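J.: Contents are CSV, C-alpha atoms; file name final.csv:
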chain,number,residue,atom,x,y,z
A,1,MET,CA,35.2,-36.2,23.5
A,2,ILE,CA,32.2,-38.4,22.9
A,3,ASN,CA,31.3,-38.3,26.6
A,4,ARG,CA,31.5,-34.5,26.5
A,5,ILE,CA,28.9,-34.4,23.7
A,6,LEU,CA,26.7,-37.1,25.4
A,7,ASN,CA,26.8,-35.1,28.6
A,8,LEU,CA,25.5,-32.0,26.8
A,9,ALA,CA,22.9,-34.0,25.0
A,10,ASP,CA,21.7,-35.9,28.1
A,11,ASN,CA,21.4,-32.7,30.2
A,12,ASN,CA,19.1,-31.3,27.6
A,13,LEU,CA,17.1,-34.5,26.9
A,14,ILE,CA,16.5,-35.3,30.6
A,15,LEU,CA,15.5,-31.7,31.5
A,16,CYS,CA,13.3,-31.7,28.4
A,17,GLN,CA,11.5,-34.9,29.6
A,18,ARG,CA,11.1,-33.4,33.1
A,19,ASN,CA,9.7,-30.1,31.9
A,20,GLY,CA,7.5,-31.9,29.5
A,21,GLU,CA,5.6,-33.1,32.5
A,22,TRP,CA,4.2,-29.6,32.7
A,23,CYS,CA,2.5,-29.9,29.3
A,24,GLY,CA,-1.2,-29.4,30.0
A,25,HIS,CA,-0.5,-28.8,33.7
A,26,GLY,CA,1.1,-25.3,33.7
A,27,PRO,CA,-0.3,-22.8,36.2
A,28,ILE,CA,-1.9,-20.9,33.4
A,29,LEU,CA,-2.3,-21.5,29.7
A,30,GLU,CA,0.3,-18.9,28.7
A,31,GLN,CA,3.0,-20.2,31.0
A,32,ASP,CA,2.1,-23.8,30.0
A,33,ILE,CA,3.0,-22.8,26.4
A,34,ALA,CA,6.1,-20.9,27.6
A,35,ILE,CA,7.6,-23.8,29.5
A,36,THR,CA,6.8,-26.3,26.7
A,37,ASN,CA,8.4,-23.9,24.2
A,38,ILE,CA,11.5,-23.9,26.2
A,39,THR,CA,11.3,-27.6,26.5
A,40,LEU,CA,11.1,-28.0,22.7
A,41,ASP,CA,14.2,-25.8,22.4
A,42,LEU,CA,16.0,-28.1,24.8
A,43,LEU,CA,14.9,-31.1,22.7
A,44,GLY,CA,16.1,-29.5,19.5
A,45,GLN,CA,19.5,-28.9,21.0
A,46,ALA,CA,19.6,-32.4,22.4
A,47,ARG,CA,18.9,-33.8,18.9
A,48,LEU,CA,21.8,-31.8,17.4
A,49,TRP,CA,24.2,-33.1,20.0
A,50,TYR,CA,23.0,-36.7,19.6
A,51,GLN,CA,23.3,-36.6,15.9
A,52,TYR,CA,26.8,-35.4,16.2
A,53,ALA,CA,27.6,-38.0,18.9
A,54,SER,CA,26.3,-40.8,16.7
A,55,THR,CA,28.4,-39.7,13.8
A,56,LEU,CA,31.5,-39.7,16.0
A,57,MET,CA,30.5,-43.1,17.4
A,58,ASN,CA,29.8,-44.7,14.1
A,59,VAL,CA,33.5,-45.2,13.2
A,60,ASP,CA,33.3,-48.9,12.5
A,61,ASN,CA,29.7,-49.5,11.8
A,62,ASN,CA,26.3,-47.7,11.8
A,63,SER,CA,24.9,-49.0,15.0
A,64,TYR,CA,24.3,-45.6,16.6
A,65,SER,CA,21.6,-43.0,15.8
A,66,GLU,CA,20.1,-40.1,17.7
A,67,ASP,CA,17.2,-42.4,18.6
A,68,SER,CA,19.3,-45.3,19.8
A,69,LEU,CA,21.3,-42.9,22.0
A,70,ALA,CA,18.1,-41.5,23.5
A,71,TYR,CA,16.0,-44.7,23.8
A,72,ARG,CA,18.4,-47.6,24.0
A,73,ARG,CA,20.9,-46.6,26.6
A,74,ASN,CA,20.6,-47.7,30.3
A,75,GLU,CA,20.6,-45.4,33.3
A,76,ARG,CA,24.3,-45.9,34.0
A,77,GLU,CA,25.2,-44.8,30.5
A,78,PHE,CA,23.5,-41.4,30.8
A,79,LEU,CA,25.9,-38.7,31.7
A,80,ASN,CA,23.6,-35.8,32.7
A,81,ILE,CA,24.0,-33.9,35.9
A,82,LEU,CA,21.8,-34.9,38.7
A,83,MET,CA,20.0,-31.6,38.9
A,84,VAL,CA,18.1,-32.1,35.6
A,85,GLU,CA,16.7,-35.5,36.6
A,86,LEU,CA,15.1,-34.4,39.9
A,87,PRO,CA,11.3,-34.5,39.9
A,88,LYS,CA,9.7,-31.4,38.6
A,89,GLY,CA,8.4,-30.3,42.0
A,90,ASN,CA,6.3,-27.2,42.1
A,91,TRP,CA,6.4,-24.3,39.6
A,92,GLY,CA,9.0,-22.4,41.7
A,93,PHE,CA,11.3,-25.4,41.7
A,94,THR,CA,11.0,-25.9,38.0
A,95,ILE,CA,11.6,-22.2,37.4
A,96,LEU,CA,14.6,-22.0,39.6
A,97,ARG,CA,16.2,-25.2,38.1
A,98,GLN,CA,15.6,-23.8,34.6
A,99,TYR,CA,17.3,-20.6,35.6
A,100,PHE,CA,20.3,-22.3,37.1
A,101,PHE,CA,20.6,-24.6,34.1
A,102,SER,CA,20.1,-21.9,31.5
A,103,GLN,CA,22.6,-19.6,33.1
A,104,PHE,CA,25.1,-22.5,33.2
A,105,GLN,CA,24.4,-23.4,29.6
A,106,PHE,CA,24.8,-19.8,28.5
A,107,LEU,CA,28.3,-19.5,30.0
A,108,LEU,CA,29.4,-23.0,28.8
A,109,TYR,CA,28.0,-22.5,25.3
A,110,SER,CA,29.6,-19.1,25.1
A,111,ARG,CA,32.9,-20.9,25.4
A,112,LEU,CA,31.9,-23.8,23.1
A,113,LYS,CA,31.0,-21.3,20.5
A,114,ASN,CA,34.8,-20.7,20.1
A,115,SER,CA,35.6,-24.4,19.9
A,116,GLY,CA,38.0,-25.5,17.2
A,117,ASP,CA,35.4,-28.2,16.3
A,118,THR,CA,33.2,-26.4,13.9
A,119,THR,CA,30.2,-28.6,14.5
A,120,VAL,CA,30.3,-28.0,18.3
A,121,ALA,CA,30.8,-24.2,17.6
A,122,ALA,CA,27.8,-24.1,15.3
A,123,ILE,CA,25.5,-26.0,17.6
A,124,ALA,CA,26.5,-23.8,20.5
A,125,GLU,CA,26.0,-20.6,18.5
A,126,LYS,CA,22.6,-21.6,17.4
A,127,SER,CA,21.6,-22.7,20.9
A,128,LEU,CA,22.7,-19.4,22.5
A,129,LYS,CA,19.9,-17.4,21.0
A,130,GLU,CA,17.4,-19.7,22.5
A,131,ILE,CA,19.2,-19.9,25.9
A,132,SER,CA,19.3,-16.1,26.2
A,133,TYR,CA,15.5,-16.1,26.1
A,134,HIS,CA,15.3,-19.0,28.6
A,135,ILE,CA,17.4,-16.9,31.0
A,136,LYS,CA,15.3,-13.9,30.6
A,137,TRP,CA,12.1,-15.8,31.1
A,138,SER,CA,13.2,-17.9,34.1
A,139,SER,CA,15.0,-15.0,35.8
A,140,GLU,CA,12.0,-12.8,35.8
A,141,TRP,CA,10.0,-15.6,37.3
A,142,VAL,CA,12.6,-16.1,40.0
A,143,LEU,CA,12.3,-12.4,40.9
A,144,ARG,CA,8.5,-12.4,40.7
A,145,LEU,CA,8.1,-15.4,43.0
A,146,GLY,CA,11.1,-14.8,45.3
A,147,ASP,CA,10.1,-11.2,45.9
A,148,GLY,CA,6.4,-11.9,45.7
A,149,THR,CA,4.0,-12.9,48.4
A,150,ASP,CA,5.0,-14.5,51.7
A,151,GLU,CA,3.9,-17.9,50.3
A,152,SER,CA,5.7,-17.6,47.0
A,153,HIS,CA,8.8,-16.4,48.7
A,154,GLN,CA,8.8,-19.4,51.1
A,155,LYS,CA,8.2,-21.8,48.2
A,156,MET,CA,11.2,-20.3,46.3
A,157,GLN,CA,13.4,-20.4,49.4
A,158,ASP,CA,12.5,-24.1,49.9
A,159,ALA,CA,13.2,-24.7,46.2
A,160,LEU,CA,16.6,-23.0,46.6
A,161,ASP,CA,17.4,-25.0,49.7
A,162,ASP,CA,16.5,-28.2,47.8
A,163,LEU,CA,18.3,-27.4,44.6
A,164,TRP,CA,21.5,-25.8,45.9
A,165,PRO,CA,23.2,-29.1,46.8
A,166,TYR,CA,22.9,-30.1,43.1
A,167,THR,CA,24.4,-26.9,41.6
A,168,GLY,CA,28.0,-27.8,42.6
A,169,GLU,CA,28.1,-30.8,40.2
A,170,MET,CA,28.1,-28.4,37.2
A,171,PHE,CA,31.5,-27.1,38.2
A,172,ILE,CA,33.2,-30.3,39.4
A,173,ALA,CA,35.2,-31.5,36.5
A,174,ALA,CA,34.4,-34.9,35.0
A,175,ASN,CA,37.1,-36.8,33.0
A,176,PHE,CA,35.9,-35.1,29.8
A,177,GLU,CA,36.1,-31.6,31.3
A,178,ASN,CA,38.9,-29.2,32.1
A,179,GLU,CA,39.3,-28.4,35.8
A,180,ASP,CA,40.4,-24.8,35.3
A,181,GLU,CA,37.6,-24.1,32.9
A,182,CYS,CA,35.1,-25.5,35.4
A,183,ASN,CA,36.5,-23.3,38.1
A,184,GLU,CA,36.2,-20.2,35.9
A,185,LEU,CA,32.6,-21.2,34.9
A,186,LYS,CA,31.7,-21.5,38.6
A,187,ILE,CA,33.0,-18.0,39.4
A,188,GLU,CA,31.2,-16.6,36.4
A,189,TRP,CA,28.0,-18.4,37.2
A,190,LEU,CA,28.0,-17.2,40.8
A,191,GLN,CA,28.6,-13.7,39.6
A,192,LYS,CA,25.4,-14.0,37.6
A,193,VAL,CA,23.2,-16.0,40.0
A,194,SER,CA,24.0,-14.4,43.3
A,195,PRO,CA,22.8,-10.8,42.5
A,196,LEU,CA,19.6,-12.2,41.1
A,197,LEU,CA,18.9,-14.3,44.2
A,198,GLU,CA,19.7,-11.4,46.4
A,199,GLU,CA,17.3,-9.2,44.4
A,200,ALA,CA,14.7,-11.9,44.8
A,201,THR,CA,15.3,-11.8,48.6
A,202,LEU,CA,16.5,-15.4,48.6
A,203,ASN,CA,19.3,-16.7,50.8
A,204,ILE,CA,21.8,-19.1,49.4
A,205,PRO,CA,22.4,-22.0,51.8
A,206,GLU,CA,25.8,-22.1,53.4
A,207,ASN,CA,28.3,-25.0,53.8
A,208,THR,CA,26.3,-27.2,51.5
A,209,PHE,CA,27.5,-30.7,50.7
A,210,MET,CA,27.4,-30.9,46.9
A,211,GLN,CA,25.9,-34.1,45.3
A,212,THR,CA,27.9,-35.6,42.4
A,213,GLY,CA,27.9,-38.7,40.2
A,214,GLY,CA,25.6,-37.9,37.3
A,215,LYS,CA,28.5,-37.1,34.9
A,216,SER,CA,30.0,-40.5,35.5
A,217,GLY,CA,26.7,-42.4,35.3
A,218,ILE,CA,25.8,-42.6,39.0
A,219,HIS,CA,22.3,-41.3,39.3
A,220,THR,CA,19.6,-40.6,41.8
A,221,GLU,CA,16.7,-43.1,42.0
A,222,HIS,CA,14.6,-40.7,39.9
A,223,LEU,CA,16.3,-41.2,36.6
A,224,GLY,CA,15.3,-44.9,36.3
A,225,TYR,CA,11.6,-44.0,36.5
A,226,LEU,CA,12.0,-41.2,34.0
A,227,LEU,CA,13.8,-43.4,31.5
A,228,ALA,CA,11.2,-46.2,32.0
A,229,GLU,CA,8.5,-43.9,30.9
A,230,MET,CA,10.5,-42.1,28.1
A,231,GLN,CA,12.0,-45.3,26.6
A,232,TYR,CA,9.0,-47.6,27.1
A,233,LEU,CA,7.8,-47.5,23.5
A,234,GLN,CA,11.2,-48.2,21.9
A,235,ARG,CA,11.9,-50.9,24.4
A,236,ALA,CA,8.5,-52.6,24.0
A,237,TYR,CA,8.4,-52.2,20.2
A,238,PRO,CA,11.9,-51.9,19.0
A,239,ASP,CA,12.4,-49.7,15.9
A,240,ALA,CA,8.7,-48.7,16.0
A,241,GLU,CA,8.2,-45.7,13.7
A,242,TRP,CA,5.5,-43.1,13.2
B,243,MET,CA,-36.7,-19.1,33.7
B,244,ASN,CA,-35.6,-16.3,31.5
B,245,PHE,CA,-32.2,-16.1,29.8
B,246,THR,CA,-30.9,-13.1,28.0
B,247,PHE,CA,-28.4,-13.6,25.3
B,248,ARG,CA,-26.3,-10.7,24.0
B,249,LYS,CA,-24.3,-11.4,20.9
B,250,PHE,CA,-20.9,-9.7,20.6
B,251,TYR,CA,-18.6,-9.7,17.7
B,252,TYR,CA,-15.0,-10.3,18.3
B,253,GLY,CA,-13.2,-7.1,19.1
B,254,ASP,CA,-16.6,-5.4,19.6
B,255,ILE,CA,-17.1,-5.9,23.3
B,256,PRO,CA,-18.7,-3.0,25.2
B,257,ASP,CA,-16.9,-1.6,28.2
B,258,ASP,CA,-19.1,-3.1,30.9
B,259,VAL,CA,-18.1,-6.6,30.0
B,260,SER,CA,-14.6,-6.1,28.5
B,261,GLY,CA,-11.4,-7.0,30.4
B,262,ASP,CA,-11.0,-9.6,33.1
B,263,ASN,CA,-10.9,-7.0,35.7
B,264,ASN,CA,-14.6,-6.3,35.1
B,265,THR,CA,-16.1,-9.7,34.3
B,266,GLY,CA,-18.4,-11.7,36.6
B,267,ALA,CA,-16.5,-14.6,38.0
B,268,GLU,CA,-13.2,-12.9,38.3
B,269,LYS,CA,-14.6,-9.5,39.4
B,270,ASN,CA,-13.7,-9.9,43.0
B,271,ASP,CA,-10.8,-12.2,42.5
B,272,LYS,CA,-7.8,-10.1,43.2
B,273,THR,CA,-5.4,-12.9,42.3
B,274,ALA,CA,-6.6,-13.1,38.7
B,275,TRP,CA,-4.3,-11.6,36.1
B,276,PRO,CA,-5.8,-9.0,33.8
B,277,LEU,CA,-6.5,-9.6,30.1
B,278,TRP,CA,-4.2,-8.0,27.5
B,279,GLU,CA,-4.8,-7.5,23.8
B,280,VAL,CA,-1.9,-8.4,21.6
B,281,PHE,CA,-0.9,-6.7,18.3
B,282,ILE,CA,1.8,-8.2,16.1
B,283,ARG,CA,3.6,-6.7,13.2
B,284,SER,CA,4.7,-9.2,10.6
B,285,LYS,CA,7.9,-9.1,8.6
B,286,GLN,CA,6.3,-7.6,5.6
B,287,GLY,CA,3.6,-5.7,7.4
B,288,LEU,CA,3.7,-2.0,8.0
B,289,ASP,CA,1.2,-1.9,10.8
B,290,HIS,CA,0.5,-4.0,13.9
B,291,LYS,CA,-2.5,-6.2,13.6
B,292,HIS,CA,-4.6,-7.6,16.4
B,293,ALA,CA,-3.6,-11.1,17.0
B,294,GLY,CA,-5.6,-12.1,20.1
B,295,SER,CA,-5.6,-11.8,23.8
B,296,LEU,CA,-4.0,-13.4,26.8
B,297,HIS,CA,-3.5,-13.1,30.6
B,298,ALA,CA,-0.5,-11.6,32.3
B,299,ALA,CA,0.4,-9.9,35.5
B,300,ASP,CA,2.1,-6.9,33.9
B,301,ALA,CA,3.1,-5.5,30.6
B,302,ARG,CA,6.5,-7.2,30.5
B,303,MET,CA,5.0,-10.6,31.2
B,304,ALA,CA,2.3,-9.9,28.6
B,305,ILE,CA,5.0,-9.3,25.9
B,306,GLU,CA,6.8,-12.5,26.9
B,307,ASN,CA,3.5,-14.4,26.8
B,308,ALA,CA,2.7,-12.9,23.5
B,309,ARG,CA,6.0,-14.0,22.2
B,310,ASP,CA,5.4,-17.5,23.2
B,311,VAL,CA,1.7,-17.7,22.2
B,312,TYR,CA,1.6,-15.6,19.0
B,313,THR,CA,5.0,-15.6,17.4
B,314,ARG,CA,5.9,-19.3,17.6
B,315,ARG,CA,5.5,-19.8,13.9
B,316,GLN,CA,7.5,-16.7,12.9
B,317,GLU,CA,4.4,-14.5,12.7
B,318,GLY,CA,6.0,-11.4,13.8
B,319,ILE,CA,9.0,-9.1,14.5
B,320,SER,CA,7.3,-6.6,16.8
B,321,ILE,CA,4.8,-6.9,19.6
B,322,TRP,CA,2.4,-4.4,21.2
B,323,VAL,CA,0.3,-5.2,24.2
B,324,VAL,CA,-2.4,-3.1,25.8
B,325,GLU,CA,-4.5,-4.0,28.8
B,326,SER,CA,-8.0,-4.9,27.5
B,327,LYS,CA,-9.8,-2.6,29.9
B,328,ASN,CA,-8.0,0.3,28.2
B,329,LEU,CA,-9.6,-0.5,24.9
B,330,HIS,CA,-13.0,1.1,24.2
B,331,ALA,CA,-15.2,-0.3,21.6
B,332,SER,CA,-18.2,1.0,19.6
B,333,ASP,CA,-21.5,-0.5,20.5
B,334,PRO,CA,-22.7,-3.1,17.9
B,335,ALA,CA,-26.3,-2.0,18.6
B,336,GLU,CA,-25.5,1.4,17.2
B,337,ALA,CA,-24.1,-0.1,14.0
B,338,GLU,CA,-26.9,1.2,11.9
B,339,SER,CA,-26.6,4.8,12.9
B,340,LEU,CA,-22.8,4.7,12.9
B,341,TYR,CA,-22.0,3.0,9.6
B,342,GLU,CA,-25.0,2.8,7.3
B,343,PRO,CA,-25.2,6.6,6.6
B,344,ALA,CA,-21.9,6.2,4.6
B,345,GLU,CA,-23.4,3.7,2.3
B,346,ASP,CA,-24.9,6.1,-0.2
B,347,LYS,CA,-22.0,8.5,-0.2
B,348,ILE,CA,-20.0,7.0,-3.0
B,349,TYR,CA,-18.5,10.4,-3.9
B,350,ARG,CA,-16.2,10.0,-0.9
B,351,HIS,CA,-14.3,7.4,-2.8
B,352,PRO,CA,-11.7,9.0,-5.0
B,353,THR,CA,-13.0,7.3,-8.1
B,354,PHE,CA,-14.3,10.4,-10.0
B,355,TYR,CA,-10.9,11.7,-11.1
B,356,GLU,CA,-9.1,11.0,-14.4
B,357,LEU,CA,-5.5,10.2,-13.5
B,358,PRO,CA,-2.9,11.7,-15.8
B,359,ASP,CA,-0.6,9.0,-17.2
B,360,GLU,CA,2.4,10.6,-15.6
B,361,VAL,CA,1.1,9.7,-12.2
B,362,LYS,CA,2.3,6.2,-11.6
B,363,HIS,CA,1.7,3.6,-8.8
B,364,MET,CA,-1.7,4.8,-7.8
Let me see the structure of the file written as structure tokens.
T.:
Amino acid sequence: MINRILNLADNNLILCQRNGEWCGHGPILEQDIAITNITLDLLGQARLWYQYASTLMNVDNNSYSEDSLAYRRNEREFLNILMVELPKGNWGFTILRQYFFSQFQFLLYSRLKNSGDTTVAAIAEKSLKEISYHIKWSSEWVLRLGDGTDESHQKMQDALDDLWPYTGEMFIAANFENEDECNELKIEWLQKVSPLLEEATLNIPENTFMQTGGKSGIHTEHLGYLLAEMQYLQRAYPDAEW
Amino acid sequence: MNFTFRKFYYGDIPDDVSGDNNTGAEKNDKTAWPLWEVFIRSKQGLDHKHAGSLHAADARMAIENARDVYTRRQEGISIWVVESKNLHASDPAEAESLYEPAEDKIYRHPTFYELPDEVKHM
């Protein structure tokens, strides 16, 4: 159960940190604001999950907090999927990843909304409103760029080729997930994603080997660098506060 | 060297320089996105008020951008956008002839009537 919550939290936090790299570097001012808005939504969701995880983990003592979970865990303790830790790439890559992730989040949270755990249900329900907008925003960009100029189409196709091997992990059940549910999610996700990619004139790669490991703490080499930057302050000055 | 400055008031920009489609640097740049004016209606407000302007490729993107740029702090519940080039403004240089003649026509204000007590909420 705790790993389930940490997985949800870590997915959000790590993608948040990655997207945050666009702050001040977006292709134009308005989209810079849009991606950072989305990023702040992700952070807000991550905080709720971490807060809940820390209350679950503080059975014997009060040694965990949302901050300690974000800033004091090592690479191998993070349970996020590999897709969210990949470098931000170009705008097309960031957009496509956001779309894949948001679409996945939407389907997953739609189920969590009916969870018997009222805290999980409440967090999922609150997040879904934000996620709906993330899907709308990112899917329109996938269309625009995929079915855009020759150059934008090629960049999106490259992004799709690079990202696709990391999409399978979302639906390969970890020990905190239910295999049937993962399979159902996969079918639902493909039903949403395939028509959009087709409309965007993008081709899904075939016979792809799917990368895994993130959900059990085995990460790409990129996560360590990301954490080094994100955790630097709390590592160098433990318990520093504003 | 001679420089000419023309002063414009916000929202009072003559046609020849309004809208990114028409301005100098971006005039010939076909990749530049046009400028849009954004109007927001607040929760209590009855009408849409001009909030500012932004760049977008089309109306749909303009509305999304406006949502992200101008309603982040719960400013509104409805958005209008219009491409800036479609707005036409009066010329500030003509302000005297346009607006000053109204100054001495106070009888146009409905302040010369005695309201009966029965009429409330006026």
J.: Taking all atoms listed in the file into account and nothing else, which residues of chain B lie no more than 10 Å away from chain A? Please answer as an NGL selection string.
T.: :B and (275 or 296-299 or 302-304 or 306-311 or 314)
J.: So which residues touch Leu8 in chain A within 12 Å, counting all atoms listed in the file, skipping near sequence neighbours fewer than 6 positions away, as a PDB file with C-alpha atoms, keeping the file's coordinate frame?
T.:
ATOM      1  CA  MET A   1      35.200 -36.200  23.500  1.00  0.00           C
ATOM      2  CA  ILE A   2      32.200 -38.400  22.900  1.00  0.00           C
ATOM      3  CA  ILE A  14      16.500 -35.300  30.600  1.00  0.00           C
ATOM      4  CA  LEU A  15      15.500 -31.700  31.500  1.00  0.00           C
ATOM      5  CA  LEU A  42      16.000 -28.100  24.800  1.00  0.00           C
ATOM      6  CA  LEU A  43      14.900 -31.100  22.700  1.00  0.00           C
ATOM      7  CA  GLN A  45      19.500 -28.900  21.000  1.00  0.00           C
ATOM      8  CA  ALA A  46      19.600 -32.400  22.400  1.00  0.00           C
ATOM      9  CA  ARG A  47      18.900 -33.800  18.900  1.00  0.00           C
ATOM     10  CA  LEU A  48      21.800 -31.800  17.400  1.00  0.00           C
ATOM     11  CA  TRP A  49      24.200 -33.100  20.000  1.00  0.00           C
ATOM     12  CA  TYR A  50      23.000 -36.700  19.600  1.00  0.00           C
ATOM     13  CA  TYR A  52      26.800 -35.400  16.200  1.00  0.00           C
ATOM     14  CA  ALA A  53      27.600 -38.000  18.900  1.00  0.00           C
ATOM     15  CA  PHE A  78      23.500 -41.400  30.800  1.00  0.00           C
ATOM     16  CA  LEU A  79      25.900 -38.700  31.700  1.00  0.00           C
ATOM     17  CA  ASN A  80      23.600 -35.800  32.700  1.00  0.00           C
ATOM     18  CA  ILE A  81      24.000 -33.900  35.900  1.00  0.00           C
ATOM     19  CA  VAL A  84      18.100 -32.100  35.600  1.00  0.00           C
ATOM     20  CA  PHE A 101      20.600 -24.600  34.100  1.00  0.00           C
ATOM     21  CA  PHE A 104      25.100 -22.500  33.200  1.00  0.00           C
ATOM     22  CA  GLN A 105      24.400 -23.400  29.600  1.00  0.00           C
ATOM     23  CA  LEU A 108      29.400 -23.000  28.800  1.00  0.00           C
ATOM     24  CA  TYR A 109      28.000 -22.500  25.300  1.00  0.00           C
ATOM     25  CA  LEU A 112      31.900 -23.800  23.100  1.00  0.00           C
ATOM     26  CA  VAL A 120      30.300 -28.000  18.300  1.00  0.00           C
ATOM     27  CA  ILE A 123      25.500 -26.000  17.600  1.00  0.00           C
ATOM     28  CA  ALA A 124      26.500 -23.800  20.500  1.00  0.00           C
ATOM     29  CA  SER A 127      21.600 -22.700  20.900  1.00  0.00           C
ATOM     30  CA  MET A 170      28.100 -28.400  37.200  1.00  0.00           C
ATOM     31  CA  PHE A 176      35.900 -35.100  29.800  1.00  0.00           C
ATOM     32  CA  GLU A 177      36.100 -31.600  31.300  1.00  0.00           C
ATOM     33  CA  LYS A 215      28.500 -37.100  34.900  1.00  0.00           C
TER      34      LYS A 215
END
J.: Fewer than 3 positions away in the same chain doesn't count, so skip those; otherwise give me all residues within 12 Å of Gln286 in chain B, counting only C-alpha atoms, as JSON, numbers by chain.
T.: {"B": [282, 283, 289, 290, 291, 316, 317, 318, 319, 320]}
J.: Show me, as a list in words, the residues that have an atom within 10 Å of Gly224 in chain A when counting only C-alpha atoms, minus same-chain residues fewer than 6 positions from it.
T.: Asn74, Glu75, Arg76, Glu85 and Met230 of chain A
J.: Would you mind telling me which residue in A:Phe93, A:Tyr225, A:Phe100, A:Tyr232 lies nearest to Gly168 in chain A when using all atoms listed in the file?
T.: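 Among the listed residues, the smallest separation from Gly168 in chain A belongs to A:Phe100.
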